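Notes to accompany the following structure.
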Amino acid sequence: MFYLLKISKVLISLFTLLLIIAACESQQKIEEDISDKQVDVRVSAENLCKDYEANEVAADEMYKGKILIVDGTVKDIEKSIFDEIYVTLEGNKDVIISVDCYFSETHKSSLAKLTKGQKVSIKGKCDGKTFDVVLKGCTFF
């Protein structure tokens, strides 16, 4: 019994470590991949959220996998459970969802100066909607 518990803890720890490594590496890689690519769509955070709330399938067709510039107001500046830095942009007041913009560690000092309520334009690759709409590999535009 003790042996199985110990193996379970080790496997969970390894799995968590792999997720953290993949998450940290991916933001930098996505940012590098999209840095020289043309923007597909420019949209406000409010309209992006409205589109996803109205019809997630149609919104994925318009935005998912594409490079966006999203204009909006900073709601929060936080870190995920995987220690990824992200900025949440306010969505529509009538809609619960918002836009989470994930940045690599190279933007840490810029993000430390950001304030709630500040207007920003963020470039990133849309990853669709989980709980919120997600942009990855983000930079300020």
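Chain labels run A, B, ... following the order of the structure tokens; each chain numbers its residues from 1, and ligands are numbered from 1 in the order shown.
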
Run DSSP on the backbone and give me the residues of segment 32-66 of chain A it puts in alpha helix (DSSP H), as a PyMOL selection string.
chain A and resi 32-34+45-54+56-63

Hey, what's within 6 Å of segment 66-77 of chain A if we count only C-alpha atoms and toss same-chain stuff fewer than 4 positions away? As a VMD selection string, please?
chain A and resid 39 to 45 87 to 90 116 to 126

Dump C-alpha atoms for the selected residues as a PDB file, in the first residue's frame?
ATOM      1  CA  VAL A  39      -1.914  40.072 -38.150  1.00  0.00           C
ATOM      2  CA  ASP A  40      -5.057  38.278 -39.308  1.00  0.00           C
ATOM      3  CA  VAL A  41      -7.658  40.156 -37.261  1.00  0.00           C
ATOM      4  CA  ARG A  42      -7.807  43.229 -35.047  1.00  0.00           C
ATOM      5  CA  VAL A  43     -10.684  43.132 -32.572  1.00  0.00           C
ATOM      6  CA  SER A  44     -11.708  44.626 -29.243  1.00  0.00           C
ATOM      7  CA  ALA A  45     -11.735  42.354 -26.209  1.00  0.00           C
ATOM      8  CA  VAL A  87      -3.039  39.672 -18.389  1.00  0.00           C
ATOM      9  CA  THR A  88      -6.809  39.490 -18.329  1.00  0.00           C
ATOM     10  CA  LEU A  89      -8.638  41.982 -20.520  1.00  0.00           C
ATOM     11  CA  GLU A  90     -12.190  42.974 -19.655  1.00  0.00           C
ATOM     12  CA  LYS A 116      -5.505  47.649 -13.799  1.00  0.00           C
ATOM     13  CA  GLY A 117      -7.721  49.884 -15.922  1.00  0.00           C
ATOM     14  CA  GLN A 118      -4.922  50.645 -18.401  1.00  0.00           C
ATOM     15  CA  LYS A 119      -5.811  50.520 -22.116  1.00  0.00           C
ATOM     16  CA  VAL A 120      -3.586  48.141 -24.108  1.00  0.00           C
ATOM     17  CA  SER A 121      -3.231  46.488 -27.500  1.00  0.00           C
ATOM     18  CA  ILE A 122      -1.887  42.945 -27.359  1.00  0.00           C
ATOM     19  CA  LYS A 123      -0.745  40.721 -30.214  1.00  0.00           C
ATOM     20  CA  GLY A 124      -1.035  36.957 -29.782  1.00  0.00           C
ATOM     21  CA  LYS A 125      -2.208  33.688 -31.266  1.00  0.00           C
ATOM     22  CA  CYS A 126      -5.786  32.775 -30.399  1.00  0.00           C
TER      23      CYS A 126
END

Give me the residues within 6 Å of segment 95-107 of chain A as a PyMOL selection string, counting only C-alpha atoms and dropping any in the same chain fewer than 5 places off.
chain A and resi 27-28+85-90+132-138

Got time to write the residues from that selection, N, CA and C atoms, as a CSV table (one decimal), in the first residue's frame?
chain,number,residue,atom,x,y,z
A,27,GLN,N,5.2,29.5,-24.6
A,27,GLN,CA,4.9,30.9,-24.8
A,27,GLN,C,6.0,31.6,-25.6
A,28,GLN,N,7.3,31.3,-25.2
A,28,GLN,CA,8.4,31.9,-25.9
A,28,GLN,C,8.4,31.4,-27.4
A,85,ILE,N,2.8,34.1,-16.7
A,85,ILE,CA,2.3,35.4,-16.5
A,85,ILE,C,1.2,35.7,-17.5
A,86,TYR,N,0.1,36.2,-17.1
A,86,TYR,CA,-1.0,36.5,-18.0
A,86,TYR,C,-1.7,37.8,-17.6
A,87,VAL,N,-2.2,38.5,-18.6
A,87,VAL,CA,-3.0,39.7,-18.4
A,87,VAL,C,-4.5,39.3,-18.8
A,88,THR,N,-5.4,39.7,-18.0
A,88,THR,CA,-6.8,39.5,-18.3
A,88,THR,C,-7.4,40.8,-18.8
A,89,LEU,N,-8.0,40.8,-20.0
A,89,LEU,CA,-8.6,42.0,-20.5
A,89,LEU,C,-10.1,41.9,-20.3
A,90,GLU,N,-10.7,43.0,-19.9
A,90,GLU,CA,-12.2,43.0,-19.7
A,90,GLU,C,-13.0,42.6,-20.9
A,132,ASP,N,-12.1,31.2,-20.4
A,132,ASP,CA,-12.0,32.5,-21.1
A,132,ASP,C,-11.4,32.3,-22.4
A,133,VAL,N,-11.4,33.4,-23.3
A,133,VAL,CA,-10.7,33.3,-24.5
A,133,VAL,C,-9.2,33.4,-24.2
A,134,VAL,N,-8.4,32.6,-24.9
A,134,VAL,CA,-7.0,32.6,-24.6
A,134,VAL,C,-6.1,33.0,-25.8
A,135,LEU,N,-5.2,33.9,-25.5
A,135,LEU,CA,-4.2,34.3,-26.5
A,135,LEU,C,-2.8,33.9,-25.9
A,136,LYS,N,-2.0,33.3,-26.8
A,136,LYS,CA,-0.7,32.8,-26.4
A,136,LYS,C,0.4,33.5,-27.1
A,137,GLY,N,1.6,33.5,-26.6
A,137,GLY,CA,2.8,34.1,-27.2
A,137,GLY,C,2.6,35.6,-27.4
A,138,CYS,N,2.0,36.2,-26.4
A,138,CYS,CA,1.6,37.6,-26.5
A,138,CYS,C,2.8,38.6,-26.4

Taking only C-alpha atoms into account, which of A:Leu48, A:Asp94, A:Ser35, A:Ala59 comes nearest Phe140 of chain A?
A:Ser35

Members of segment 41-79 of chain A assigned strand (DSSP E or B) by DSSP, as number ranges by chain
A: 41-44, 67-79

Keeping only C-alpha atoms, write the selected residues as a compact mmCIF listing (two decimals), in the first residue's frame.
# COMPACT_ATOMS: atom_id res chain seq x y z
CA VAL A 41 -7.66 40.16 -37.26
CA ARG A 42 -7.81 43.23 -35.05
CA VAL A 43 -10.68 43.13 -32.57
CA SER A 44 -11.71 44.63 -29.24
CA ILE A 67 -2.84 36.04 -35.05
CA LEU A 68 -4.90 38.76 -33.39
CA ILE A 69 -4.41 42.21 -32.04
CA VAL A 70 -6.84 42.64 -29.18
CA ASP A 71 -7.57 46.12 -27.84
CA GLY A 72 -8.91 46.30 -24.32
CA THR A 73 -8.72 47.34 -20.70
CA VAL A 74 -6.56 45.49 -18.18
CA LYS A 75 -8.70 43.72 -15.60
CA ASP A 76 -5.96 41.68 -13.85
CA ILE A 77 -2.24 40.89 -14.04
CA GLU A 78 -1.61 37.42 -12.61
CA LYS A 79 0.34 34.15 -12.70

Measuring between only C-alpha atoms, which one of A:Asn92, A:Ser110, A:Thr115, A:Thr139 shows the shortest distance to Asn47 of chain A?
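Comparing A:Asn92, A:Ser110, A:Thr115, A:Thr139 against Asn47 of chain A, the winner is A:Asn92.
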
Between atom CA of Phe82 of chain A and atom CA of Asp127 of chain A, distance in Å (one decimal)
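Rounded to one decimal, the two atoms are 17.3 Å apart.
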
Between atom CA of Asp83 of chain A and atom CA of Tyr52 of chain A - distance in Å to one decimal
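Atom CA of Asp83 of chain A lies at a distance of 26.4 Å from atom CA of Tyr52 of chain A.
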